Structures are given as structure tokens and as C-alpha cells.
Amino acid sequence: GRSSYVTLEGFDPSALKILLDIIHGKTRRVPRSLDLEMLAKVSVLVDDLECHEEVEIFVDIWLKDLPSSPPSEYNRDLILWILISSVFHRTALFNTATRTAILHSAGPIQSLELPVRSIIVGG
């Protein structure tokens, strides 16, 4: 059969290392807290490589360390929250963040070229 392979160009090396440590069971190496930026980078990889289940328990840990709610104004952090909550199916968080984006965005919602579900992003 034809073997399939994934090219990992363009991904953040630190995010990739975190993900590989999780997948290979090297959980002691996995940081117990990530900033929003790094969690967003990990989210992009998880979405691309479809390894949500492996990472789920760490997402719970990482989210506990971040603010309990997304920003109440439209900014880059809000988009990252939408991305993270979308990838990890955090419905309440996703609804809060998208509501804020819809209410406070001056124009079409920018995706910052991140894989935020295209259904909510203005074309």
C-alpha cells in the first residue's frame, strides 16, 4: 500500500515538540501551563494532525491556567480564544468568544490565517 506522510513545515517547533512529547507518552516533559499564543499554536497542529483525544487532558490543565473568560473586546487574543475553543469543542467558551467578536468587530471577522471554522469568518 501507499504510505502517507505529513510535512511539518511552517509549524512552530516548540508547539510541535509539546505535541510529540504528548503523543509519545513523554508526559513529564509537557509543560503544565501554556500562554494563549502557544496554546493557539498547539491547537493549529492538533487540528491539522487530528490528535484531539491525545491532547485533551492537557488542554484541561492549560485552560485552568489561563483567564477563565476571553477578552470582552475584539482583538487578536479573542481570535485565538475562538480558535482554541473551536478546535477543542469548548462550546460555552466558543459561544462567548464569537458573540463578543460579532458584537465588537467593525467589519468581517479576521481569521489571522488560522483554521478558525470558516462558517464564522467573513469571506
# chains A, B, ... in the order shown; residues from 1 in each chain; ligands from 1
call {"tool": "closest_atom_pairs", "arguments": {"of": "region 22-50 of chain A", "to": "region 80-95 of chain A", "cutoff": "7 Å", "atoms": "only C-alpha atoms", "output": "tab-separated table"}}
result
residue	atom	partner	partner_atom	distance
A:Ala40	CA	A:Ile84	CA	5.8
A:Ser43	CA	A:Ile84	CA	5.9
A:Asp47	CA	A:Val87	CA	6.2
call {"tool": "residues_around", "arguments": {"residues": "Leu78 (chain A)", "least_positions_apart": "6", "cutoff": "7 Å", "atoms": "only C-alpha atoms", "output": "list in words"}}
result
Pro70, Pro71 and Ala97 of chain A
call {"tool": "closest_residue", "arguments": {"among": "A:Val44, A:Leu34, A:Leu16, A:Ile102", "to": "Leu63 (chain A)", "atoms": "only C-alpha atoms"}}
result
A:Leu34
call {"tool": "residues_around", "arguments": {"residues": "Ile23 (chain A)", "least_positions_apart": "3", "cutoff": "8 Å", "atoms": "only C-alpha atoms", "output": "list in words"}}
result
Leu19, Leu20, Lys26, Glu54 and Val55 of chain A
call {"tool": "write_last_selection", "arguments": {"atoms": "N, CA, C and O atoms", "output": "mmCIF file, in the first residue's frame"}}
result
data_model
loop_
_atom_site.group_PDB
_atom_site.id
_atom_site.type_symbol
_atom_site.label_atom_id
_atom_site.label_comp_id
_atom_site.auth_asym_id
_atom_site.auth_seq_id
_atom_site.Cartn_x
_atom_site.Cartn_y
_atom_site.Cartn_z
ATOM 1 N N LEU A 19 3.579 18.620 21.350
ATOM 2 C CA LEU A 19 2.651 17.632 20.806
ATOM 3 C C LEU A 19 3.305 16.260 20.677
ATOM 4 O O LEU A 19 2.701 15.242 21.047
ATOM 5 N N LEU A 20 4.541 16.228 20.194
ATOM 6 C CA LEU A 20 5.244 14.942 20.045
ATOM 7 C C LEU A 20 5.499 14.293 21.401
ATOM 8 O O LEU A 20 5.382 13.074 21.542
ATOM 9 N N LYS A 26 5.713 11.018 26.671
ATOM 10 C CA LYS A 26 6.761 11.657 27.489
ATOM 11 C C LYS A 26 6.121 12.789 28.294
ATOM 12 O O LYS A 26 6.516 13.956 28.197
ATOM 13 N N GLU A 54 -5.639 12.655 22.241
ATOM 14 C CA GLU A 54 -4.366 12.525 22.957
ATOM 15 C C GLU A 54 -4.062 13.756 23.803
ATOM 16 O O GLU A 54 -3.440 13.666 24.855
ATOM 17 N N VAL A 55 -4.495 14.904 23.332
ATOM 18 C CA VAL A 55 -4.111 16.178 23.939
ATOM 19 C C VAL A 55 -5.142 16.678 24.962
ATOM 20 O O VAL A 55 -4.845 17.513 25.796
#
call {"tool": "atom_distance", "arguments": {"atom1": "CA of Pro67 (chain A)", "atom2": "CA of Ala15 (chain A)"}}
result
20.4 Å
call {"tool": "select_by_dssp", "arguments": {"residues": "region 4-70 of chain A", "states": "helix (DSSP H, G or I)", "output": "PyMOL selection string"}}
result
chain A and resi 13-23+27-29+36-49+52-65
call {"tool": "closest_residue", "arguments": {"among": "A:Leu45, A:Leu36, A:Ile79, A:Ala101", "to": "Leu66 (chain A)", "atoms": "only C-alpha atoms"}}
result
A:Leu36
call {"tool": "closest_residue", "arguments": {"among": "A:Val59, A:Thr96, A:Glu73, A:Lys64", "to": "Ile22 (chain A)", "atoms": "only C-alpha atoms"}}
result
A:Val59
call {"tool": "closest_residue", "arguments": {"among": "A:His104, A:His24, A:Arg29, A:Lys17", "to": "Val42 (chain A)", "atoms": "only C-alpha atoms"}}
result
A:Lys17
call {"tool": "closest_residue", "arguments": {"among": "A:Asp12, A:Ala106, A:Ser68, A:Thr98", "to": "Glu37 (chain A)", "atoms": "only C-alpha atoms"}}
result
A:Asp12
